[in-house]
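Scroll down for the structure; my scribbles are underneath it.
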Amino acid sequence: MTFSVHGLTVSRGIAIGRAVIVASSRVDVAHYLIKSEQVDAEIERLRQARDAVAAEIEKVQLGLGELSAKDAHPELSALLDVHLMLLQDEQLTSGVKHWIVERHYNAEWALTSQLEVIARQFDEMEDPYLRERKADLEQVVERMLRFMRGVASPVAAARPATTRHTAGEELHEPTVDVPLVLIAHDLSPADMLQFKQSVFAGFVTDVGGKTSHTAIVARSMDIPAVVGARMASHLIGQDDWVIIDGDAGVVVVDPSPILLAEYGAKQRQGEVERERLSRLRSTPAITLDGQRIELIANIEQPEDTAAALRAGAVGVGLFRTEFLFMGRDGKLPDEEEQYRAYVRAVEGMRGLPVTIRTVDIGADKPLDRGAVRSGEEHLNPALGLRAIRWSLADPSMFLVQLRAILRAAAHGSINLLIPMLAHASEIRQTLALVKKAGGQLDAQGKVHGTVRLGAMIEIPAAALSIPLFLRHFDFLSIGTNDLIQYTLAIDRADEAVAHLYDPVHPAVLHLLATTIAQCREQGKGVSVCGEMAGDVTMTRLLLGLGLRSFSMHPSRILAVKQQILRSDTSKLGVWAQSVLTADDPAALMSD
């Protein structure tokens, strides 16, 4: 039966494929497709894991048998019997083989996929005792996964989903050559990076807002996505056919042939539009009245510079270095590792400038998913120890990063960008540490370069103190995602208040306009690096407010360039001022 799930639009386009349900606790499981000749080997890995876990359980049972009657635990022995039975359960065994043979999933992925299928059956049982056996099944599977992680894996190269299928004729074909879409309750930014080179053609999450960092990374993958779909991971079944309409924020489950044909046509139309935009790659971004606009790229990893160049970016406006720090079980990258990463980014841009933002850890960007230990929880993480606050709380860690960036600056043009500054004291501490890092490199005899210093304006207090920032920094970059969040008191990762997130709220526009104006008056560079920069519905307004530098994900550059080529800034200024002073600016945005 066809039904739809509604969420938030975060990444445009249409994806049609089979659903892969991933429970949040098992996101770290490797997901890749194997080759036909590897099917037997994967099944053998599974059998070895099952036998090993069974042997472990039997060994424990043997130990129980040697205990005295007083110390013996009959309940534990019975529980172990249940685990042994679950290990041999036909539905588990045959189901996992199905995923491996029919879908060519690797063994770990097949195991977790089948777990999700059976777990739902447990959830629907009326008998509380039987329902609780789901936890036993999960424990058994976790033990098998742990065993498989400890064995050298015959890893096959993943087969990226490079082909976007546009038709629904393969709907009932048991072939491995079909697109896959990921359905999860939530995905951390680190999870998203793991999936970046994966086989998935699109994804849906229950939680998340339009400018959560998960959504931002999703856009970087340039695949259709919907977040904040609330119950999607519960309503959609494993292997269901789904359509992700990223333009409308809708997920259609079990679509009819008519719907498949309709969305297939939309998908083809989108591909035609991409092809048309690609012709603008080498066209200079100059408005109708001759204003040259700088279009620069946001990246998460050094390797993303290739996509930036392909899109025609004239530099990197935001290198989010926190992704070098995430998902490492708390082990931070040392100076040498960071230095090599920054040099790769510089070399990747072939002489164009690279703006490196110091680490912005905290809030919705934890070092490790689920790694928060008892006592480390923050009541309001978005308002707590994050970004520059986190760095200044650990100066030795911060100095490592600063030294690595300064050393990389010897290889090319680097701008150093500091996130979330608000206080003069923070500015003084930061600048002192930058100077100290340079001094340490001099003392060690290490070569380093000079950097232009910039600050992000993403807190209202900073936006209201621009003269202070301009006295200390060479340029400013407006992080509109956080600026909107803090101005409107909305946690941008919370889908429950996502509807209140308003980029054209008069207060937000006022802070934007005054920041741009003051920078221009002082002859200092200013850019917008938040999601507004890549939103084509905002391009004319930002041009009208005087912005001449837009930093966005590479996938958005050509669409924004198209808007710029059609714009006349000499006419947009008056209109932008009317929007700025309106009680309801959104009503004037389409004028």
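Chain labels A, B, ... are given in the sequence in which chains occur in the structure tokens; within each chain residues are numbered consecutively from 1, and ligands are likewise numbered from 1 in the order shown.
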Find the spatial neighbours of stretch 119-135 of chain A, counting only C-alpha atoms, within a cut-off of 10 Å - ignore same-chain residues fewer than 3 positions away - and output them as a PDB file with all heavy atoms, in the first residue's frame.
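Written out: part03.pdb:
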```pdb
ATOM      1  N   LEU A  79      19.041 -18.534  30.025  1.00  0.00           N
ATOM      2  CA  LEU A  79      19.241 -17.427  29.089  1.00  0.00           C
ATOM      3  C   LEU A  79      20.272 -17.793  28.016  1.00  0.00           C
ATOM      4  O   LEU A  79      20.103 -17.493  26.832  1.00  0.00           O
ATOM      5  CB  LEU A  79      19.699 -16.179  29.848  1.00  0.00           C
ATOM      6  CG  LEU A  79      19.881 -14.911  29.019  1.00  0.00           C
ATOM      7  CD1 LEU A  79      18.573 -14.502  28.348  1.00  0.00           C
ATOM      8  CD2 LEU A  79      20.398 -13.778  29.901  1.00  0.00           C
ATOM      9  N   VAL A  82      18.744 -19.838  25.445  1.00  0.00           N
ATOM     10  CA  VAL A  82      17.991 -19.017  24.487  1.00  0.00           C
ATOM     11  C   VAL A  82      18.931 -18.431  23.437  1.00  0.00           C
ATOM     12  O   VAL A  82      18.645 -18.431  22.236  1.00  0.00           O
ATOM     13  CB  VAL A  82      17.241 -17.888  25.227  1.00  0.00           C
ATOM     14  CG1 VAL A  82      16.648 -16.890  24.225  1.00  0.00           C
ATOM     15  CG2 VAL A  82      16.137 -18.476  26.103  1.00  0.00           C
ATOM     16  N   HIS A  83      20.076 -17.961  23.909  1.00  0.00           N
ATOM     17  CA  HIS A  83      21.035 -17.364  22.962  1.00  0.00           C
ATOM     18  C   HIS A  83      21.524 -18.407  21.956  1.00  0.00           C
ATOM     19  O   HIS A  83      21.686 -18.112  20.763  1.00  0.00           O
ATOM     20  CB  HIS A  83      22.218 -16.761  23.732  1.00  0.00           C
ATOM     21  CG  HIS A  83      21.890 -15.437  24.330  1.00  0.00           C
ATOM     22  ND1 HIS A  83      22.841 -14.478  24.618  1.00  0.00           N
ATOM     23  CD2 HIS A  83      20.704 -14.890  24.705  1.00  0.00           C
ATOM     24  CE1 HIS A  83      22.250 -13.411  25.134  1.00  0.00           C
ATOM     25  NE2 HIS A  83      20.959 -13.648  25.210  1.00  0.00           N
ATOM     26  N   LEU A  86      18.813 -18.902  19.444  1.00  0.00           N
ATOM     27  CA  LEU A  86      18.716 -17.785  18.515  1.00  0.00           C
ATOM     28  C   LEU A  86      19.822 -17.854  17.471  1.00  0.00           C
ATOM     29  O   LEU A  86      19.622 -17.494  16.299  1.00  0.00           O
ATOM     30  CB  LEU A  86      18.791 -16.453  19.282  1.00  0.00           C
ATOM     31  CG  LEU A  86      17.556 -16.112  20.119  1.00  0.00           C
ATOM     32  CD1 LEU A  86      17.845 -14.905  21.007  1.00  0.00           C
ATOM     33  CD2 LEU A  86      16.364 -15.821  19.211  1.00  0.00           C
ATOM     34  N   SER A 113      20.725  -6.100   8.798  1.00  0.00           N
ATOM     35  CA  SER A 113      19.468  -5.939   8.042  1.00  0.00           C
ATOM     36  C   SER A 113      18.441  -6.960   8.502  1.00  0.00           C
ATOM     37  O   SER A 113      17.273  -6.631   8.729  1.00  0.00           O
ATOM     38  CB  SER A 113      19.726  -6.098   6.545  1.00  0.00           C
ATOM     39  OG  SER A 113      20.550  -5.063   6.065  1.00  0.00           O
ATOM     40  N   GLN A 114      18.877  -8.199   8.659  1.00  0.00           N
ATOM     41  CA  GLN A 114      17.945  -9.230   9.082  1.00  0.00           C
ATOM     42  C   GLN A 114      17.524  -9.023  10.537  1.00  0.00           C
ATOM     43  O   GLN A 114      16.381  -9.320  10.917  1.00  0.00           O
ATOM     44  CB  GLN A 114      18.584 -10.617   8.902  1.00  0.00           C
ATOM     45  CG  GLN A 114      17.625 -11.770   9.136  1.00  0.00           C
ATOM     46  CD  GLN A 114      16.406 -11.729   8.205  1.00  0.00           C
ATOM     47  OE1 GLN A 114      16.429 -11.070   7.167  1.00  0.00           O
ATOM     48  NE2 GLN A 114      15.347 -12.423   8.583  1.00  0.00           N
ATOM     49  N   LEU A 115      18.452  -8.499  11.321  1.00  0.00           N
ATOM     50  CA  LEU A 115      18.096  -8.197  12.711  1.00  0.00           C
ATOM     51  C   LEU A 115      16.930  -7.217  12.754  1.00  0.00           C
ATOM     52  O   LEU A 115      15.997  -7.372  13.556  1.00  0.00           O
ATOM     53  CB  LEU A 115      19.310  -7.611  13.446  1.00  0.00           C
ATOM     54  CG  LEU A 115      19.024  -7.033  14.834  1.00  0.00           C
ATOM     55  CD1 LEU A 115      18.527  -8.129  15.774  1.00  0.00           C
ATOM     56  CD2 LEU A 115      20.271  -6.363  15.410  1.00  0.00           C
ATOM     57  N   GLU A 116      16.980  -6.194  11.901  1.00  0.00           N
ATOM     58  CA  GLU A 116      15.903  -5.214  11.889  1.00  0.00           C
ATOM     59  C   GLU A 116      14.567  -5.857  11.514  1.00  0.00           C
ATOM     60  O   GLU A 116      13.528  -5.524  12.072  1.00  0.00           O
ATOM     61  CB  GLU A 116      16.231  -4.083  10.904  1.00  0.00           C
ATOM     62  CG  GLU A 116      17.426  -3.252  11.296  1.00  0.00           C
ATOM     63  CD  GLU A 116      17.270  -2.640  12.667  1.00  0.00           C
ATOM     64  OE1 GLU A 116      16.163  -2.170  12.993  1.00  0.00           O
ATOM     65  OE2 GLU A 116      18.249  -2.667  13.430  1.00  0.00           O
ATOM     66  N   GLU A 138      19.426  -9.121  19.861  1.00  0.00           N
ATOM     67  CA  GLU A 138      20.361  -8.026  19.611  1.00  0.00           C
ATOM     68  C   GLU A 138      21.730  -8.326  20.229  1.00  0.00           C
ATOM     69  O   GLU A 138      22.775  -8.036  19.628  1.00  0.00           O
ATOM     70  CB  GLU A 138      19.798  -6.713  20.165  1.00  0.00           C
ATOM     71  CG  GLU A 138      18.595  -6.200  19.383  1.00  0.00           C
ATOM     72  CD  GLU A 138      17.953  -4.998  20.028  1.00  0.00           C
ATOM     73  OE1 GLU A 138      18.121  -4.810  21.259  1.00  0.00           O
ATOM     74  OE2 GLU A 138      17.260  -4.253  19.320  1.00  0.00           O
ATOM     75  N   GLN A 139      21.724  -8.924  21.398  1.00  0.00           N
ATOM     76  CA  GLN A 139      22.999  -9.254  22.041  1.00  0.00           C
ATOM     77  C   GLN A 139      23.761 -10.310  21.246  1.00  0.00           C
ATOM     78  O   GLN A 139      24.983 -10.225  21.078  1.00  0.00           O
ATOM     79  CB  GLN A 139      22.744  -9.741  23.469  1.00  0.00           C
ATOM     80  CG  GLN A 139      22.267  -8.635  24.401  1.00  0.00           C
ATOM     81  CD  GLN A 139      21.847  -9.176  25.754  1.00  0.00           C
ATOM     82  OE1 GLN A 139      22.113 -10.330  26.069  1.00  0.00           O
ATOM     83  NE2 GLN A 139      21.188  -8.344  26.536  1.00  0.00           N
ATOM     84  N   VAL A 140      23.027 -11.283  20.745  1.00  0.00           N
ATOM     85  CA  VAL A 140      23.672 -12.326  19.953  1.00  0.00           C
ATOM     86  C   VAL A 140      24.292 -11.732  18.690  1.00  0.00           C
ATOM     87  O   VAL A 140      25.438 -12.034  18.327  1.00  0.00           O
ATOM     88  CB  VAL A 140      22.644 -13.419  19.593  1.00  0.00           C
ATOM     89  CG1 VAL A 140      23.178 -14.308  18.481  1.00  0.00           C
ATOM     90  CG2 VAL A 140      22.304 -14.251  20.817  1.00  0.00           C
ATOM     91  N   VAL A 141      23.530 -10.889  18.036  1.00  0.00           N
ATOM     92  CA  VAL A 141      24.035 -10.263  16.810  1.00  0.00           C
ATOM     93  C   VAL A 141      25.249  -9.389  17.103  1.00  0.00           C
ATOM     94  O   VAL A 141      26.232  -9.382  16.358  1.00  0.00           O
ATOM     95  CB  VAL A 141      22.912  -9.447  16.134  1.00  0.00           C
ATOM     96  CG1 VAL A 141      23.474  -8.562  15.025  1.00  0.00           C
ATOM     97  CG2 VAL A 141      21.859 -10.383  15.565  1.00  0.00           C
ATOM     98  N   HIS A 234      10.576   3.724  11.431  1.00  0.00           N
ATOM     99  CA  HIS A 234       9.651   2.733  11.975  1.00  0.00           C
ATOM    100  C   HIS A 234       8.593   2.340  10.944  1.00  0.00           C
ATOM    101  O   HIS A 234       8.118   1.206  10.924  1.00  0.00           O
ATOM    102  CB  HIS A 234       8.957   3.277  13.227  1.00  0.00           C
ATOM    103  CG  HIS A 234       9.894   3.501  14.369  1.00  0.00           C
ATOM    104  ND1 HIS A 234      10.283   2.503  15.225  1.00  0.00           N
ATOM    105  CD2 HIS A 234      10.550   4.616  14.767  1.00  0.00           C
ATOM    106  CE1 HIS A 234      11.121   2.978  16.113  1.00  0.00           C
ATOM    107  NE2 HIS A 234      11.297   4.266  15.856  1.00  0.00           N
ATOM    108  N   GLY A 237       9.796  -0.344   5.851  1.00  0.00           N
ATOM    109  CA  GLY A 237      10.360  -1.663   6.114  1.00  0.00           C
ATOM    110  C   GLY A 237      11.632  -1.917   5.324  1.00  0.00           C
ATOM    111  O   GLY A 237      11.878  -1.278   4.287  1.00  0.00           O
TER     112      GLY A 237
END
```
Surrounding residues of stretch 449-451 of chain A excluding itself and chain neighbours under 4 positions, 7 Å, only C-alpha atoms, as a ChimeraX atom specification: /A:406-407,409-410,414-416
List the neighbours of A:Tyr105 out to 10 Å using only C-alpha atoms; skip same-chain residues closer than 5 positions along the sequence, and give me the result as an NGL selection string. :A and (30-35 or 39 or 42 or 96-100 or 110-111 or 113 or 176)
Write a file of the selected residues as a CSV table (one decimal), in the first residue's frame, keeping N, CA, C and O atoms.
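File out34.csv, as written:
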```csv
chain,number,residue,atom,x,y,z
A,30,ALA,N,30.1,-1.8,8.7
A,30,ALA,CA,30.5,-1.5,7.3
A,30,ALA,C,29.3,-1.8,6.4
A,30,ALA,O,28.7,-2.8,6.5
A,31,HIS,N,29.1,-1.0,5.4
A,31,HIS,CA,28.1,-1.2,4.4
A,31,HIS,C,28.8,-1.1,3.0
A,31,HIS,O,29.2,-0.1,2.6
A,32,TYR,N,28.9,-2.3,2.4
A,32,TYR,CA,29.4,-2.3,1.0
A,32,TYR,C,28.9,-3.5,0.3
A,32,TYR,O,28.4,-4.4,0.9
A,33,LEU,N,28.9,-3.4,-1.0
A,33,LEU,CA,28.5,-4.5,-1.9
A,33,LEU,C,29.6,-5.4,-2.2
A,33,LEU,O,30.7,-4.9,-2.5
A,34,ILE,N,29.4,-6.7,-2.2
A,34,ILE,CA,30.4,-7.6,-2.6
A,34,ILE,C,30.2,-8.1,-4.0
A,34,ILE,O,29.2,-7.9,-4.6
A,35,LYS,N,31.3,-8.7,-4.5
A,35,LYS,CA,31.2,-9.3,-5.9
A,35,LYS,C,30.6,-10.7,-5.8
A,35,LYS,O,30.6,-11.3,-4.8
A,39,VAL,N,30.4,-14.2,-2.5
A,39,VAL,CA,29.3,-14.6,-1.8
A,39,VAL,C,29.6,-15.7,-0.8
A,39,VAL,O,29.3,-15.7,0.4
A,42,GLU,N,31.7,-14.6,2.2
A,42,GLU,CA,30.9,-13.9,3.2
A,42,GLU,C,30.0,-14.8,4.0
A,42,GLU,O,29.9,-14.6,5.3
A,96,VAL,N,19.8,-13.8,6.6
A,96,VAL,CA,21.1,-13.2,6.4
A,96,VAL,C,21.6,-13.7,5.1
A,96,VAL,O,22.2,-12.9,4.3
A,97,LYS,N,21.5,-15.0,4.8
A,97,LYS,CA,22.0,-15.5,3.5
A,97,LYS,C,21.2,-14.8,2.3
A,97,LYS,O,21.8,-14.6,1.3
A,98,HIS,N,20.0,-14.6,2.6
A,98,HIS,CA,19.2,-13.9,1.5
A,98,HIS,C,19.8,-12.5,1.1
A,98,HIS,O,20.0,-12.2,-0.1
A,99,TRP,N,20.2,-11.8,2.1
A,99,TRP,CA,20.7,-10.4,1.9
A,99,TRP,C,22.1,-10.5,1.2
A,99,TRP,O,22.4,-9.7,0.3
A,100,ILE,N,22.8,-11.6,1.5
A,100,ILE,CA,24.2,-11.7,0.9
A,100,ILE,C,24.0,-12.2,-0.5
A,100,ILE,O,24.7,-11.7,-1.4
A,110,ALA,N,24.4,-7.6,6.1
A,110,ALA,CA,23.3,-8.5,6.0
A,110,ALA,C,22.8,-8.9,7.4
A,110,ALA,O,21.6,-9.1,7.6
A,111,LEU,N,23.7,-9.1,8.3
A,111,LEU,CA,23.3,-9.5,9.6
A,111,LEU,C,22.4,-8.4,10.3
A,111,LEU,O,21.4,-8.7,10.9
A,113,SER,N,20.7,-6.1,8.8
A,113,SER,CA,19.5,-5.9,8.0
A,113,SER,C,18.4,-7.0,8.5
A,113,SER,O,17.3,-6.6,8.7
A,176,VAL,N,20.9,-7.2,-7.9
A,176,VAL,CA,21.8,-6.4,-7.0
A,176,VAL,C,22.0,-5.0,-7.6
A,176,VAL,O,22.4,-4.1,-6.9
```
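Residue nearest A:Asp568, chosen from A:Val101, A:Ile286, A:Ile457, A:Leu402 and counting only C-alpha atoms: A:Ile286.
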Using only C-alpha atoms, which protein or nucleic acid residues come within 7 Å of stretch 330-335 of chain A? Drop anything in the same chain fewer than 6 positions from it, and give the result as a short mmCIF file (atom, residue, chain, number, x, y, z; two decimals) with N, CA and C atoms, in the first residue's frame.
```cif
data_model
loop_
_atom_site.label_atom_id
_atom_site.label_comp_id
_atom_site.auth_asym_id
_atom_site.auth_seq_id
_atom_site.Cartn_x
_atom_site.Cartn_y
_atom_site.Cartn_z
N LEU A 367 32.82 14.66 19.07
CA LEU A 367 34.00 13.96 18.55
C LEU A 367 33.64 12.56 18.09
N ASP A 368 32.84 11.88 18.94
CA ASP A 368 32.48 10.52 18.62
C ASP A 368 31.00 10.33 18.92
N VAL A 400 48.55 22.73 18.77
CA VAL A 400 48.89 21.70 17.78
C VAL A 400 48.26 22.05 16.43
N GLN A 401 46.98 22.41 16.47
CA GLN A 401 46.32 22.74 15.22
C GLN A 401 46.88 24.01 14.60
N ALA A 404 50.15 23.34 12.91
CA ALA A 404 49.96 22.59 11.66
C ALA A 404 49.48 23.52 10.54
#
```
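Separating atom CA of A:His185 from atom CA of A:Val227 is a distance of 9.3 Å.
Minimum distance to A:Gly348 across A:Leu324, A:Thr305, A:Gly315, A:Ser256 (counting only C-alpha atoms) occurs at A:Thr305.
For A:Phe323, the set of protein, DNA and RNA residues having any atom at most 7 Å away, when counting only C-alpha atoms and skipping those fewer than 2 positions along the same chain, is Ala190, Glu300, Arg320, Thr321, Phe325 and Met326 of chain A.
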Export of prior selection with all heavy atoms as an mmCIF file, in the first residue's frame:
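Result went into again-v7.cif, see below:
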```cif
data_model
loop_
_atom_site.group_PDB
_atom_site.id
_atom_site.type_symbol
_atom_site.label_atom_id
_atom_site.label_comp_id
_atom_site.auth_asym_id
_atom_site.auth_seq_id
_atom_site.Cartn_x
_atom_site.Cartn_y
_atom_site.Cartn_z
ATOM 1 N N ALA A 190 29.911 12.417 11.502
ATOM 2 C CA ALA A 190 30.941 11.403 11.243
ATOM 3 C C ALA A 190 30.351 10.211 10.490
ATOM 4 O O ALA A 190 30.984 9.636 9.606
ATOM 5 C CB ALA A 190 31.563 10.943 12.561
ATOM 6 N N GLU A 300 34.780 19.627 3.621
ATOM 7 C CA GLU A 300 34.945 18.901 4.889
ATOM 8 C C GLU A 300 36.250 18.124 4.943
ATOM 9 O O GLU A 300 36.763 17.851 6.021
ATOM 10 C CB GLU A 300 33.793 17.913 5.094
ATOM 11 C CG GLU A 300 32.487 18.552 5.520
ATOM 12 C CD GLU A 300 31.710 19.076 4.329
ATOM 13 O OE1 GLU A 300 31.693 18.389 3.296
ATOM 14 O OE2 GLU A 300 31.131 20.175 4.421
ATOM 15 N N ARG A 320 36.119 22.857 7.011
ATOM 16 C CA ARG A 320 35.643 22.475 8.342
ATOM 17 C C ARG A 320 36.573 21.403 8.911
ATOM 18 O O ARG A 320 36.380 20.214 8.679
ATOM 19 C CB ARG A 320 34.211 21.939 8.265
ATOM 20 C CG ARG A 320 33.183 22.942 7.777
ATOM 21 C CD ARG A 320 31.783 22.339 7.869
ATOM 22 N NE ARG A 320 30.747 23.306 7.588
ATOM 23 C CZ ARG A 320 30.140 23.444 6.416
ATOM 24 N NH1 ARG A 320 30.481 22.661 5.403
ATOM 25 N NH2 ARG A 320 29.187 24.339 6.245
ATOM 26 N N THR A 321 37.537 21.802 9.680
ATOM 27 C CA THR A 321 38.570 20.859 10.118
ATOM 28 C C THR A 321 38.086 19.861 11.152
ATOM 29 O O THR A 321 38.765 18.867 11.422
ATOM 30 C CB THR A 321 39.774 21.621 10.687
ATOM 31 O OG1 THR A 321 39.329 22.421 11.811
ATOM 32 C CG2 THR A 321 40.398 22.516 9.646
ATOM 33 N N PHE A 325 38.816 15.375 13.172
ATOM 34 C CA PHE A 325 38.889 15.015 14.582
ATOM 35 C C PHE A 325 37.837 13.981 14.978
ATOM 36 O O PHE A 325 37.935 13.382 16.043
ATOM 37 C CB PHE A 325 38.685 16.259 15.456
ATOM 38 C CG PHE A 325 39.814 17.246 15.418
ATOM 39 C CD1 PHE A 325 40.119 17.943 14.253
ATOM 40 C CD2 PHE A 325 40.575 17.501 16.552
ATOM 41 C CE1 PHE A 325 41.149 18.863 14.209
ATOM 42 C CE2 PHE A 325 41.612 18.419 16.518
ATOM 43 C CZ PHE A 325 41.896 19.110 15.348
ATOM 44 N N MET A 326 36.829 13.782 14.148
ATOM 45 C CA MET A 326 35.670 12.985 14.550
ATOM 46 C C MET A 326 35.869 11.493 14.308
ATOM 47 O O MET A 326 36.611 11.085 13.412
ATOM 48 C CB MET A 326 34.432 13.440 13.779
ATOM 49 C CG MET A 326 33.941 14.816 14.137
ATOM 50 S SD MET A 326 32.549 15.273 13.078
ATOM 51 C CE MET A 326 32.033 16.795 13.861
#
```
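You can rank A:Leu421, A:Ile14, A:Arg403, A:Lys524 by their closest distance to A:Gly439 using only C-alpha atoms, and at the top of that list sits A:Arg403.
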Any idea what's packed within 12 Å of A:Tyr501, counting only C-alpha atoms, ignoring anything in its chain fewer than 2 positions away? Could you give it as a PyMOL selection string? chain A and resi 8+209-212+480-499+503-505+508
With N, CA and C atoms retained, could you export that selection as a short mmCIF file (atom, residue, chain, number, x, y, z; two decimals), in the first residue's frame?
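Printed below is selection_2.cif as written:
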```
data_model
loop_
_atom_site.label_atom_id
_atom_site.label_comp_id
_atom_site.auth_asym_id
_atom_site.auth_seq_id
_atom_site.Cartn_x
_atom_site.Cartn_y
_atom_site.Cartn_z
N LEU A 8 11.74 17.36 6.14
CA LEU A 8 12.28 18.65 5.73
C LEU A 8 13.21 18.48 4.53
N GLY A 209 17.34 19.03 11.68
CA GLY A 209 16.78 20.23 11.07
C GLY A 209 17.47 20.54 9.74
N LYS A 210 16.96 21.54 9.03
CA LYS A 210 17.49 21.84 7.70
C LYS A 210 18.95 22.28 7.73
N THR A 211 19.37 22.87 8.83
CA THR A 211 20.76 23.32 8.88
C THR A 211 21.56 22.58 9.94
N SER A 212 21.07 21.43 10.37
CA SER A 212 21.90 20.59 11.23
C SER A 212 23.11 20.17 10.41
N THR A 480 25.74 32.02 8.89
CA THR A 480 24.32 32.31 9.07
C THR A 480 23.56 31.19 9.79
N ASN A 481 24.04 29.96 9.69
CA ASN A 481 23.31 28.87 10.37
C ASN A 481 23.24 29.12 11.87
N ASP A 482 24.40 29.38 12.45
CA ASP A 482 24.42 29.64 13.89
C ASP A 482 23.88 31.02 14.22
N LEU A 483 24.14 31.99 13.36
CA LEU A 483 23.63 33.35 13.65
C LEU A 483 22.10 33.32 13.75
N ILE A 484 21.45 32.60 12.87
CA ILE A 484 19.99 32.49 12.93
C ILE A 484 19.58 31.71 14.19
N GLN A 485 20.29 30.63 14.45
CA GLN A 485 19.98 29.81 15.63
C GLN A 485 20.02 30.63 16.92
N TYR A 486 21.09 31.40 17.07
CA TYR A 486 21.25 32.14 18.32
C TYR A 486 20.38 33.40 18.36
N THR A 487 20.14 34.00 17.22
CA THR A 487 19.28 35.20 17.21
C THR A 487 17.83 34.85 17.54
N LEU A 488 17.38 33.71 17.01
CA LEU A 488 15.98 33.33 17.21
C LEU A 488 15.79 32.31 18.33
N ALA A 489 16.89 31.94 19.01
CA ALA A 489 16.82 30.99 20.13
C ALA A 489 16.19 29.67 19.70
N ILE A 490 16.69 29.13 18.57
CA ILE A 490 16.18 27.86 18.03
C ILE A 490 17.34 26.90 17.87
N ASP A 491 17.24 25.76 18.51
CA ASP A 491 18.25 24.72 18.31
C ASP A 491 18.08 24.17 16.90
N ARG A 492 19.04 24.40 16.06
CA ARG A 492 18.87 24.05 14.64
C ARG A 492 18.87 22.55 14.39
N ALA A 493 19.24 21.77 15.39
CA ALA A 493 19.20 20.32 15.23
C ALA A 493 17.88 19.72 15.70
N ASP A 494 16.99 20.56 16.20
CA ASP A 494 15.73 20.07 16.79
C ASP A 494 14.58 20.27 15.80
N GLU A 495 14.10 19.15 15.25
CA GLU A 495 13.04 19.25 14.24
C GLU A 495 11.74 19.78 14.84
N ALA A 496 11.61 19.71 16.17
CA ALA A 496 10.36 20.17 16.80
C ALA A 496 10.18 21.68 16.66
N VAL A 497 11.29 22.41 16.51
CA VAL A 497 11.19 23.87 16.37
C VAL A 497 11.71 24.34 15.01
N ALA A 498 11.90 23.37 14.11
CA ALA A 498 12.48 23.71 12.81
C ALA A 498 11.62 24.72 12.06
N HIS A 499 10.32 24.69 12.28
CA HIS A 499 9.44 25.61 11.55
C HIS A 499 9.67 27.06 11.95
N PRO A 503 15.40 32.42 8.02
CA PRO A 503 16.55 33.20 7.55
C PRO A 503 16.22 34.66 7.24
N VAL A 504 14.95 34.96 6.97
CA VAL A 504 14.60 36.35 6.64
C VAL A 504 13.84 37.03 7.78
N HIS A 505 14.03 36.55 8.96
CA HIS A 505 13.48 37.28 10.11
C HIS A 505 14.13 38.68 10.14
N VAL A 508 17.44 38.94 11.95
CA VAL A 508 18.56 38.28 11.26
C VAL A 508 19.05 39.17 10.12
#
```
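With only C-alpha atoms as the basis for measurement, A:Val178 is the residue among A:Val178, A:Asp136, A:Thr430, A:Gln48 that approaches A:Gly17 most closely.
Atom to atom, atom CA of A:Met1 and atom CA of A:Leu182 stand 20.3 Å apart.
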Please compute the atom CA of A:Ala107-atom CA of A:Val204 distance, one decimal, in Å. 23.3 Å
Please list as a PyMOL selection string every residue within 12 Å of stretch 554-556 of chain A, counting only C-alpha atoms and excluding residues in the same chain fewer than 4 positions away. chain A and resi 11-12+216-223+274+277-278+281+295-300+304-318+529+531-537+539+550+560-563
Going by DSSP on the backbone, which residues of stretch 296-509 of chain A come out as strand (DSSP E or B)? List them as a PyMOL selection string. chain A and resi 296-299+316-320+354-357+362+365+414-418+452-457+475-478
